[in-house]
Structure formats: C-alpha cells, structure tokens
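This report refers to the structure that appears directly beneath it.
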Amino acid sequence: MNNVDLNTIANNYTERANTFKRSVVVCAGTGCIANGSMNIYHQFIRLSEEKGYKITVALKKEEGGDTLLKHSGCQGFCQMGPLVTINPEGIFYTHVKVDDVEEIIEKTLKNGEIIDRLLFENQEKGKIAHQKDIPFYAKQQRTTLKLCGMMDAEDIEEYIAHDGYKMAQKAVTQMNSEQICDEITRSGLRGRGGGGFPTGFKWSLARKQESEKKFIICNGDEGDPGAFMDRCLMEGNPHSVLEGMLIAGMAIGADEGYIYVRTEYPLAVKRLRKAVADANRLGFLGEHIFGSEKSFQINVFEGAGAFVCGEETALIASIEGKRGMPMPKPPFPAQKGLYGKPTIINNVETLSSVPVILNMGTAQYASLGTKKSSGTKTFALTGHVANTGLIEVPFGTTLRQIIGEIGGGVINDDGTNVGTDFKAVQIGGPSGGCLTKEHMDMPLDYDNLLEVGAMVGSGGLVVMNHQTCMVQIARFFMQFTQNESCGKCTVCREGTKQLLYLMDDIIEGRATLETLDLIEELAQTVKIGSLCGLGKTAPNPVLSTLEHFRDEYLEHIVNKRCPTGQCTALRSYEIDQSLCKKCSLCMRKCPVGAISGSRETGYVIDKNKCIKCGACMEACKFNAIKIA
Amino acid sequence: MTNVLSKQFDQVCEILNKYENNHYKLIPILQEIQEVYEYLPEEIMTYISTALGISPSQIYGVATFYSHFTLEPKGKHIVKVCDGTACHVKKSGKILEQIKKELNLTDKKTTSDDRLFTLETVACLGACGLAPVMVIDETVYGSVTPEKVTQLLNEIREQEKGANHE
C-alpha cells in the first residue's frame, strides 16, 4: 500500500466506534496488570457471553453491539488500580475487583447508573464520579500522555483516528528537513532524558553532516530507579514514539532507526514490535513511505541490562555488539555515531512529544511552561505520598502543587497524612539531587533545578517523609552507581567504591569528622576524572544531602546517633520498665545473651553485649522495648 | 561437547544463520541462545566466537558485562526483588531478607538447593507506584509484605509438588 489516505482510516474508525452506546476502558498498564486488571478484562468478556449482553472486544470489521471493551496503557493513577473507565460519561471506577464486573454491566452499562462504592473518595470532596474532577487529574496538564491510557495501544487505527501519523505524513511529503528542524527549534523543546539540550538544534547539527547513511536512535533504556515515564509511553502509545522517530529521521535525513529498550520492559518490547509491524503494513515505514521516494525502517533492540547504556556512546557500543562502555566526546554521535555514521539519540518522551507539538502548533506549545523550559514534563511521583503514579505538568509547577494537590499529601510511616510536610524530594535519580522545603515554591524547570544542584533528569520524583534517614538514601544511590559503573575510568570504578565504604563508616559509627572532608575531596575527584555522565554525576546525591542535611551527618558522626532510628548499628535498645510485664520472652530471644534479670526484678539490656539485631523488639508483645 | 548441549545445537546454528554470522548482532544472538539453554554454556560461546570471527574473550566480556546474561543455569522460577528508590524507601530490604531466609540464600548463593528458585535484585522495575514490588517469573506483585512473600513461595512449592505427583 503506497499512498495512504489517513482520513479514510480515521473516519472509518470513528464511524464504527460511534455505533456503540458506551465503551469500557480497562487500564492495562504494568501497575494495574499487577493488581489483576486483565482478570477484570476477561471477566467482562466471559460475562457478556454468559449473560447474553453484547460486548465487543476491539473494533473489528463487524459492527454492532452495545458496548466496546478496550484495554489501555497506563492511566497514571497506579495506586488506585485496577482502574475502569466508562465512556462517554467518563465514570471512573477505582480498586475494581472481578466480582464487581457483573454489577458494572447490570447497573452502569445497561442503565448508566453509578456505583458509589467504586468511586474515588477524598476528605474534601467526598465521592467523585468523573476522572476530570479528581484532584490528581484536575491539576495536571496531560499533553504527551493524553492518549496514553485512553486508547488501545495496539490499535494503529485508533491512533490514526486521534490525528496519528498526520504530522509524519506532512513531514515526509510536504516539508524539507530544514523546515522540520526550524519548527522544533521554535517550539523550544528540550531533551527530556536529562541534559535538556535543545532538540531542534541537535537535529540541525546532524542534518548538516554530509553522509549517505544516518541513524536515529530512540533511547528507551530508562534505568533511573524511581522513573517509569518512558515505559508508560512505550507501552501506552508506541505509535507516537514511532511517529516522532519518523519525523526526526526526515529532519536529519536518516533512513534507519533503532529503539533501544531495557530488557526489564518486556511488554514495551512486545507492543513496539507490533506497532512497527502495523506501521510497515500500512506503508508508514519501509520503502516509499506515504507514497514518496523516501524510506525509513525501525528496528527494536532489546538491551541486556546495564544502566550505563543510557549514556549515548555506551548505547551505541551496545547496539554494535560490544560491552556498553562510553567513549570520549568529541567526536559527538551527531558527527560519528552508530557504525561511524551521524546519529541522533533522543529520549522516548522527547520523540513522543514531537507529533503532539506539531499537531497543536509550535507557538501554542512554546506558550506552555516557563520561558526557557517550554512545554510539559512527565514525572513519576513515588515514595511517601498519598497518590503515587505518573503525572504530567507544565514546567514551572511547584513542589507544593505537585505534592500537596496532585500527590494528595505526604504519608508518614504510621500512615498519617501530613500535607506538604516532606523532608526531602529526590529528583533526577542517581545523577540528581534533593530538594527540601525551602524549594517548595520554586518553579521547577531545567535552569532553576541546575542552580540548586539538582536536575530534571528523566523525571523521577521520590518524596521522603521525616522518618527517612538521608545518609541511608545517599548511601543507597552510591551503591547503585557503584554497581553500575562500567569500570572504564579508574576514579569512577574505584572512587565510587571508596565513597561507599566511607558512607558505611558513617552509618556503622566508625566515622570521624575527617571522613566528611575525605568524602568531599573524593567526590570532586570522581566528578572531574570520569568520562561519562554516570561518573560525573555519581557523587551528586552525597554532595546534595551533605549540603542540605549536614546536621544529620554530624549527628551520626559526632553523637553516634541516627535521628530517624533507621541506622541499625547506631541504635540503642532500652526496656521501658513501666510497660514491661516481665515475661522474659526478650531474654530468651536474645541471640547473644545481652538481656539479664529475673521475673521479680525485671530485665535490662547490656549495651556492650547487644548486637542491635532487634530480635527482642520484634518478640516483645507489649511494645516495651524502644529505640533510645 | 556434552550430549545435553548438542541436543539444541541445531537451534544455535539457526540463530547464527538468521543473523548472518554478523558480529555486530552479538547481543541479540546471545539473548536468543540464552533462551534456548536458559544460560550461556562455555562451549557454545567458544563456538560462536569461531562462527562470528571474534575472540572468545570478547564474547566472554559481553556476556559478563550485562546483567541479563548468566553463565550458570538458574532455578526454575526467577524471583526478582526491586530495590529502586521508591521500593527502597518503602522497605524492600525486608522483603529481600525474608526471601533469603525462606530459601536459605546468601548474597553469593542466589539459587535455592532444590533448584526451584533464583533470587535477583533489580534496580528498578518501573512499577514504582506499587512499591515495594517483586516479580516471580512474569507476574508482578505490588505492595509486597514479608508475609506475602512466604505465602507466594509456598504456593509455588505446592504447585511444584502437585506437578511432580502427576
């Protein structure tokens, strides 16, 4: 099929979809699937067969039926899953169970009646029936994520019905490469993978390279712990990623692209492969795309598990079948990349935004966000917050809005909601830093974050409550980068290891004040002496926590005490004699015989013998053993 | 070459043919071979090196660099515990401890004596909204507790017992 009429496909789809009175969308993002959403999906099908109620699964050629059943990509509100939405009313059911399906069919689908029990509820507004009224969604501006969670990710026709591939067709048939680069430059789009390099400018660098062969690579090696935006896009709207790549390919004059996906994301790999096959079938990819003389093909490459491959040159080495080790730049990949040819590597979210931007118009997109950081950004909101999930807000939104309004407040270890009273927010993963309450009203964008020693990174926002030990968090990230260091640069390979030992010294009570000086000196060495971003940013979490929580470090070092009681070695256990019932259970449980006493006199812990294992505390039925 | 290995040797040749013995395709080749044997046997790696015209050390280098590849056979069920930031702050450490206790494992010893389970930790599974998360084979379990770990492992053990009796 050469010359495709997108309008015909779109109209056919819409016409068929309109024959249904209602549609049911079951969220099939990873989170909801883990909570059993596919069982719910199958229960709808089973019951429709048994009860003689006509539910149609996906839009096939045959028409008719009362309700259309779809499963979508991630809708973002993972904590409340499994999610079921009923359209056109937009009724939004949360925590749906298999047993609820029959009632949904009888009441909501047949009569439009709302089942109160399944609605989202919050203290302020009570039960909320429609998705758009829930604060979690109402305060967001879902732009790149808009289609994700609304449509069937595996149905190319539905994507086309939402203006899909229209911009790719325009880019192939009506625009030249310079025009495309200019448009993207005007939109102000900056790389969403971390660095924030202007995308249009990056493209024009590669466009000007003279070469017969060029490549576009989509970087889907989302390895930052605590980030899953790219996963949701690849799973929930794979065609938008392909369309973005196709437009990028036209912009730089490439005829081949690779999508590098982490092996940990099998569903994304599967959906992307299906999307590529469907796009090939309709003539959007392959030879003579959209009936033109141009060609563009896309390969899906499954990674093999190495965080460092998120770095451009390491990723290229990995596609070439080598160990994923970074190379010095220059030459930049835009000059000499994959197989020595000019190569542009863009993040999933960046590419997925491209068709959205062109569809809405570059001027309008540029008007979103702040002056130097235009548009919207997706964040993975996780940690100690009431509503965890995937969100999208314009640049310039503050932590107060994100945590207080969208996130619904911070949750303490005992389960109480303490509003915006967070201790720290880790942003940008292991390369980023932490923000504290003083940054509560700072507009979040690329430049503001860099100024305070953090970065947008890929967009993980991990909220931490006051029961979190910041030294432990810094150690956690240090361990991560130490594990993932590829070993090429000595200061990164050995330096991160030594930093980790020094952090352990603090946590286990061996550190002196000199340890801090040593950490700061070594951190600078690792930063300066490493080749790639992994090493250059590895000490950031340590430095940033040291800056904002120095007192907490000093408390560990000088007073050998962990203020949150999280560091086991610094704990000291005591028996509260007023609560003790003298049952002697703790004495019998203690593995080292540190507890002595009798049923008459009560029991005491010998601090010199105690190994701080906590067995006594776990054993005590009267909560009489406390951490001093 | 042992008999066990040679059984699937035709498949190795098919994989190499599919990728036209192109050494640039080493990673997908190793991935598919691992699917056949469930690990990368040394003899097979030596054979690939001859077929692709690159040194065995280069193949060994790649096979040991990426965490997805394994040089030893794994247990029947793979248990992955997420220790990403979100899971970590939601106490994934306790989940890990519980599994080690249940299966009698240590940091070095990751496969249980009965070859039923192999324990792995991963940096992030991308299901942070459900932290702490663990994956057994292909199934994701969210908001896991130490009690749930014991229950899940026991369920699998029971199933295996049932399967053996049939």
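For the structure tokens, the naming scheme is as follows: chains receive sequential letters (A, B, ...) according to their order of presentation, residues are indexed from 1 within each chain, and ligands are indexed from 1 in presentation order.
Near Phe65 of chain B, within 12 Å and counting only C-alpha atoms, sit A:Gly303, A:Ala304, A:Gly305, A:Ala306, A:Phe307, A:Val308, A:Cys309, A:Ser318, A:Gly321, A:Lys322, A:Arg323, A:Gly324, A:Met325, A:Asn483, A:Glu484, A:Ser485, A:Cys486, A:Gly487, A:Lys488, B:Ile27, B:Ser57, B:Gln58, B:Ile59, B:Tyr60, B:Thr70, B:Leu71, not including residues fewer than 5 positions from it in the same chain.
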**Q.** Residues within 7 Å of Arg207 of chain A, only C-alpha atoms, excluding chain neighbours under 3 positions, as a list in words
**A.**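 Contacts, in chain order: Trp203, Ser204, Ala251, Ile252 and Gly253 of chain A.
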(Q) Need to verify the contact set: Leu30 of chain B, 8 Å, only C-alpha atoms, exclusion of same-chain residues closer than 4 positions in sequence. Can you return it as a list in words? (A)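 Final neighbour list, sorted by chain and number: Leu26, Gln34, Leu40, Ala63 and Phe69 of chain B.
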Requested write-out: N, CA and C atoms of the selected residues, as a compact mmCIF listing (two decimals), in the first residue's frame:
```
# COMPACT_ATOMS: atom_id res chain seq x y z
N LEU B 26 25.90 -9.48 18.07
CA LEU B 26 26.25 -10.39 19.16
C LEU B 26 25.21 -10.41 20.28
N GLN B 34 20.55 -17.76 24.97
CA GLN B 34 20.19 -17.94 26.38
C GLN B 34 18.75 -18.43 26.52
N LEU B 40 24.32 -19.36 29.30
CA LEU B 40 25.26 -19.37 28.18
C LEU B 40 26.37 -20.39 28.48
N ALA B 63 29.28 -11.11 27.68
CA ALA B 63 28.39 -11.97 28.47
C ALA B 63 28.46 -11.63 29.95
N PHE B 69 22.65 -11.59 31.15
CA PHE B 69 23.28 -12.87 30.77
C PHE B 69 23.77 -13.63 32.00
```
Set out as CSV a contact list for chain B and chain A with a cut-off of 10 Å, giving each residue of chain B that qualifies its closest atom pair and distance in Å to one decimal, counting only C-alpha atoms, ordered by chain and rising residue number.
```
residue,atom,partner,partner_atom,distance
B:Asn22,CA,A:Gly321,CA,9.5
B:His23,CA,A:Gly321,CA,6.8
B:Tyr24,CA,A:Glu320,CA,4.7
B:Lys25,CA,A:Gly321,CA,5.6
B:Leu26,CA,A:Gly321,CA,4.8
B:Ile27,CA,A:Gly321,CA,5.3
B:Pro28,CA,A:Glu302,CA,7.5
B:Ile29,CA,A:Gly321,CA,9.4
B:Leu30,CA,A:Ala304,CA,9.6
B:Gln31,CA,A:Ala304,CA,7.8
B:Gln58,CA,A:Lys322,CA,8.0
B:Ile59,CA,A:Lys322,CA,8.5
B:Tyr60,CA,A:Arg323,CA,10.0
B:Gly61,CA,A:Arg323,CA,6.8
B:Val62,CA,A:Arg323,CA,5.1
B:Ala63,CA,A:Arg323,CA,8.6
B:Thr64,CA,A:Arg323,CA,9.0
B:Phe65,CA,A:Arg323,CA,6.2
B:Tyr66,CA,A:Gly305,CA,5.2
B:Ser67,CA,A:Gly305,CA,5.0
B:His68,CA,A:Ala304,CA,5.1
B:Phe69,CA,A:Ala304,CA,7.2
B:Cys82,CA,A:Pro225,CA,9.2
B:Asp83,CA,A:Pro225,CA,8.0
B:Gly84,CA,A:Pro225,CA,4.4
B:Thr85,CA,A:Gly226,CA,5.2
B:Ala86,CA,A:Gly383,CA,5.0
B:Cys87,CA,A:Gly383,CA,7.7
B:His88,CA,A:Phe476,CA,8.2
B:Val89,CA,A:Gly383,CA,6.5
B:Lys90,CA,A:Gly383,CA,7.0
B:Val122,CA,A:Glu264,CA,8.8
B:Ala123,CA,A:Pro225,CA,5.7
B:Cys124,CA,A:Pro225,CA,4.7
B:Leu125,CA,A:Glu264,CA,6.5
B:Gly126,CA,A:Phe228,CA,4.7
B:Ala127,CA,A:Gly31,CA,5.8
B:Cys128,CA,A:Gly226,CA,6.0
B:Gly129,CA,A:Thr388,CA,5.0
B:Leu130,CA,A:Gln79,CA,6.3
B:Ala131,CA,A:Gly383,CA,8.0
B:Pro132,CA,A:Gly383,CA,9.9
B:Val133,CA,A:Ala34,CA,9.4
B:Met134,CA,A:Ala34,CA,10.0
B:Val135,CA,A:Ala34,CA,9.4
B:Glu138,CA,A:Pro266,CA,9.1
B:Thr139,CA,A:Ala34,CA,7.0
B:Val140,CA,A:Ala34,CA,5.0
B:Tyr141,CA,A:Ala34,CA,5.6
B:Gly142,CA,A:Ala34,CA,6.4
B:Ser143,CA,A:Asn35,CA,9.6
```
Q: Using DSSP on the backbone, list every residue of segment 86-263 of chain A that comes out as strand (DSSP E), and give them as a PyMOL selection string.
A: chain A and resi 86-87+91-93+120-122+126-128+215-220+256-261
Go ahead and save the residues from that selection, with N, CA and C atoms, as a short mmCIF file (atom, residue, chain, number, x, y, z; two decimals), in the first residue's frame.
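Okay, selection_8.cif is ready:
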```cif
data_model
loop_
_atom_site.label_atom_id
_atom_site.label_comp_id
_atom_site.auth_asym_id
_atom_site.auth_seq_id
_atom_site.Cartn_x
_atom_site.Cartn_y
_atom_site.Cartn_z
N ILE A 86 -15.76 4.28 32.17
CA ILE A 86 -16.89 4.05 31.29
C ILE A 86 -17.22 5.35 30.55
N ASN A 87 -17.13 5.29 29.24
CA ASN A 87 -17.39 6.45 28.39
C ASN A 87 -18.72 6.29 27.70
N ILE A 91 -17.20 7.94 33.66
CA ILE A 91 -17.30 7.43 35.04
C ILE A 91 -16.04 6.64 35.35
N PHE A 92 -15.47 6.93 36.51
CA PHE A 92 -14.13 6.42 36.82
C PHE A 92 -14.20 5.53 38.06
N TYR A 93 -14.00 4.23 37.86
CA TYR A 93 -14.03 3.29 38.98
C TYR A 93 -12.62 2.90 39.40
N PHE A 120 -13.75 7.06 43.50
CA PHE A 120 -12.64 7.62 44.27
C PHE A 120 -13.22 8.55 45.33
N GLU A 121 -12.60 8.55 46.50
CA GLU A 121 -13.12 9.38 47.57
C GLU A 121 -11.98 10.16 48.21
N ASN A 122 -12.20 11.44 48.44
CA ASN A 122 -11.24 12.13 49.30
C ASN A 122 -11.97 12.95 50.36
N GLY A 126 -15.47 14.27 49.06
CA GLY A 126 -16.26 13.04 49.16
C GLY A 126 -16.09 12.18 47.93
N LYS A 127 -17.16 11.52 47.50
CA LYS A 127 -17.08 10.63 46.34
C LYS A 127 -17.02 11.44 45.04
N ILE A 128 -16.14 11.05 44.15
CA ILE A 128 -16.01 11.76 42.88
C ILE A 128 -16.26 10.77 41.74
N PHE A 215 21.57 7.72 11.28
CA PHE A 215 20.67 6.95 12.14
C PHE A 215 19.94 7.83 13.16
N ILE A 216 18.73 7.41 13.49
CA ILE A 216 18.01 7.96 14.64
C ILE A 216 17.91 6.85 15.68
N ILE A 217 18.29 7.17 16.91
CA ILE A 217 18.11 6.16 17.96
C ILE A 217 17.18 6.72 19.02
N CYS A 218 16.21 5.90 19.40
CA CYS A 218 15.32 6.28 20.49
C CYS A 218 15.83 5.59 21.74
N ASN A 219 16.19 6.39 22.74
CA ASN A 219 16.78 5.86 23.95
C ASN A 219 15.69 5.46 24.95
N GLY A 220 15.38 4.19 24.96
CA GLY A 220 14.36 3.68 25.89
C GLY A 220 15.01 2.86 26.99
N GLU A 256 17.10 5.05 8.75
CA GLU A 256 17.00 3.89 9.63
C GLU A 256 17.02 4.35 11.09
N GLY A 257 16.26 3.64 11.91
CA GLY A 257 16.22 3.99 13.32
C GLY A 257 16.24 2.76 14.20
N TYR A 258 16.75 2.94 15.40
CA TYR A 258 16.74 1.88 16.40
C TYR A 258 16.00 2.36 17.64
N ILE A 259 15.18 1.49 18.22
CA ILE A 259 14.65 1.79 19.55
C ILE A 259 15.35 0.86 20.51
N TYR A 260 16.09 1.44 21.45
CA TYR A 260 16.82 0.64 22.42
C TYR A 260 15.98 0.56 23.69
N VAL A 261 15.42 -0.62 23.98
CA VAL A 261 14.53 -0.77 25.13
C VAL A 261 15.17 -1.67 26.17
#
```
Q. Any idea what's packed within 6 Å of segment 82-84 of chain A, counting only C-alpha atoms, ignoring anything in its chain fewer than 4 positions away? Could you give it as a PyMOL selection string?
A. chain A and resi 25-27+32+35+37+93-96
May I have the selected residues written with C-alpha atoms, as an mmCIF file, in the first residue's frame?
```cif
data_model
loop_
_atom_site.group_PDB
_atom_site.id
_atom_site.type_symbol
_atom_site.label_atom_id
_atom_site.label_comp_id
_atom_site.auth_asym_id
_atom_site.auth_seq_id
_atom_site.Cartn_x
_atom_site.Cartn_y
_atom_site.Cartn_z
ATOM 1 C CA VAL A 25 -11.633 1.109 29.176
ATOM 2 C CA VAL A 26 -9.721 -1.210 31.487
ATOM 3 C CA CYS A 27 -6.280 0.112 32.396
ATOM 4 C CA CYS A 32 -2.937 -2.263 37.067
ATOM 5 C CA ASN A 35 -3.289 -5.685 40.566
ATOM 6 C CA SER A 37 -6.767 -5.791 35.694
ATOM 7 C CA TYR A 93 -14.030 3.289 38.981
ATOM 8 C CA THR A 94 -11.067 2.504 41.236
ATOM 9 C CA HIS A 95 -9.901 -0.668 43.009
ATOM 10 C CA VAL A 96 -12.224 -2.727 40.841
#
```
Q. Near Thr56 of chain A, counting only C-alpha atoms, which residues have an atom at most 8 Å away, once you skip same-chain residues fewer than 4 positions from it, shown as a list in words?
A.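 Surrounding residues, per the criterion: Gly65, Asp66, Thr67, Leu68 and Leu69 of chain A.
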The selected residues should be written to file as a short mmCIF file (atom, residue, chain, number, x, y, z; two decimals), in the first residue's frame (atoms: C-alpha atoms).
```
data_model
loop_
_atom_site.label_atom_id
_atom_site.label_comp_id
_atom_site.auth_asym_id
_atom_site.auth_seq_id
_atom_site.Cartn_x
_atom_site.Cartn_y
_atom_site.Cartn_z
CA GLY A 65 -23.03 -4.45 19.95
CA ASP A 66 -23.91 -2.35 22.93
CA THR A 67 -20.52 -1.74 24.44
CA LEU A 68 -16.97 -1.61 23.19
CA LEU A 69 -14.37 -3.09 25.53
#
```
Q. What residues in segment 275-456 of chain A get the DSSP label helix (DSSP H, G or I)? Please answer as an MDAnalysis selection string.
A. chainID A and resid 275:281 289:291 307:310 312:319 338:340 348:360 362:366 399:406 429:431 437:439 446:451
Q | Atomic distance atom CA of Arg571 of chain A - atom CA of Thr496 of chain A, expressed in Å with one decimal | A | 26.7 Å
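Going from atom CA of Glu38 of chain B to atom CA of Pro146 of chain B covers 28.8 Å.
Of the listed residues (B:Glu160, B:Glu155, B:Glu32, B:Asp137), B:Asp137 comes nearest to Leu119 of chain B; the distances count only C-alpha atoms.
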Q | Surrounding residues of segment 284-295 of chain A excluding itself and chain neighbours under 5 positions, 9 Å, only C-alpha atoms, as a PyMOL selection string | A | chain A and resi 1-5+165+168-169+172-173+243+246+250+254-256+276-279
Next, the residues of the selection above should be written as a compact mmCIF listing (two decimals), in the first residue's frame with N, CA and C atoms.
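The file below, part25.txt, is the result:
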```
# COMPACT_ATOMS: atom_id res chain seq x y z
N MET A 1 0.85 -1.19 0.00
CA MET A 1 0.00 0.00 0.00
C MET A 1 0.89 1.24 0.00
N ASN A 2 0.77 2.05 -1.04
CA ASN A 2 1.68 3.19 -1.10
C ASN A 2 1.08 4.48 -0.58
N ASN A 3 0.09 4.95 -1.30
CA ASN A 3 -0.47 6.22 -0.87
C ASN A 3 -1.64 5.99 0.08
N VAL A 4 -1.43 6.31 1.33
CA VAL A 4 -2.44 6.00 2.33
C VAL A 4 -3.29 7.22 2.59
N ASP A 5 -4.58 7.01 2.64
CA ASP A 5 -5.45 8.11 3.00
C ASP A 5 -5.79 8.00 4.49
N TYR A 165 -0.07 9.94 12.87
CA TYR A 165 0.69 9.84 11.60
C TYR A 165 0.38 10.96 10.61
N ALA A 168 3.56 12.99 10.54
CA ALA A 168 4.61 12.24 9.87
C ALA A 168 4.41 12.34 8.36
N GLN A 169 3.14 12.20 7.93
CA GLN A 169 2.83 12.29 6.50
C GLN A 169 3.22 13.67 5.96
N VAL A 172 6.97 13.99 5.69
CA VAL A 172 7.53 13.21 4.58
C VAL A 172 7.20 13.86 3.25
N THR A 173 5.94 14.30 3.09
CA THR A 173 5.51 14.70 1.76
C THR A 173 5.54 16.22 1.51
N GLU A 243 6.17 7.62 15.37
CA GLU A 243 5.92 8.81 14.54
C GLU A 243 6.98 9.87 14.81
N LEU A 246 10.12 8.90 13.06
CA LEU A 246 9.99 9.08 11.62
C LEU A 246 10.19 10.56 11.26
N MET A 250 13.27 12.28 9.10
CA MET A 250 13.13 13.20 7.96
C MET A 250 13.92 14.49 8.21
N ALA A 254 17.82 10.74 7.82
CA ALA A 254 18.17 9.35 8.15
C ALA A 254 17.13 8.42 7.53
N ASP A 255 17.56 7.19 7.23
CA ASP A 255 16.58 6.24 6.71
C ASP A 255 16.46 5.00 7.58
N GLU A 256 17.10 5.05 8.75
CA GLU A 256 17.00 3.89 9.63
C GLU A 256 17.02 4.35 11.09
N VAL A 276 5.56 -1.52 15.06
CA VAL A 276 6.42 -1.41 13.88
C VAL A 276 5.84 -2.25 12.73
N ALA A 277 5.38 -3.46 13.07
CA ALA A 277 4.81 -4.33 12.02
C ALA A 277 3.57 -3.69 11.41
N ASP A 278 2.70 -3.11 12.26
CA ASP A 278 1.48 -2.47 11.75
C ASP A 278 1.79 -1.26 10.87
N ALA A 279 2.77 -0.47 11.31
CA ALA A 279 3.13 0.72 10.54
C ALA A 279 3.75 0.33 9.20
```
Q: Would you list the contacts of Asp576 of chain A as a list in words, taking every protein, DNA or RNA residue within 8 Å and counting only C-alpha atoms, but skipping same-chain residues closer than 5 positions in sequence?
A: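 Here the qualifying residues turn out to be Ala624, Ile625 and Lys626 of chain A.
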Q) Which one of A:Gln335, A:Ala161, A:Thr376, A:Gln364 sits closest to Arg142 of chain A if you count only C-alpha atoms? A)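 When distances to Arg142 of chain A are compared using only C-alpha atoms, the smallest one comes from A:Thr376.
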(Q) Which residue is closest to Glu102 of chain B? Choose from B:Gln159, B:Gln151, B:Ser6, B:Gln11 and count only C-alpha atoms. (A) B:Gln151
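You can rank A:Leu47, A:Pro198, A:Glu552, A:His71 by their closest distance to Glu103 of chain A using only C-alpha atoms, and at the top of that list sits A:Leu47.
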Q | Counting only C-alpha atoms, the residue of A:Lys581, A:Arg588, A:Lys110, A:Arg493 that sits nearest Gly602 of chain A | A |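 For Gly602 of chain A, the nearest of the candidates is A:Lys581.
Note that atom CA of Ala138 of chain A and atom CA of Lys21 of chain A are 26.1 Å apart.
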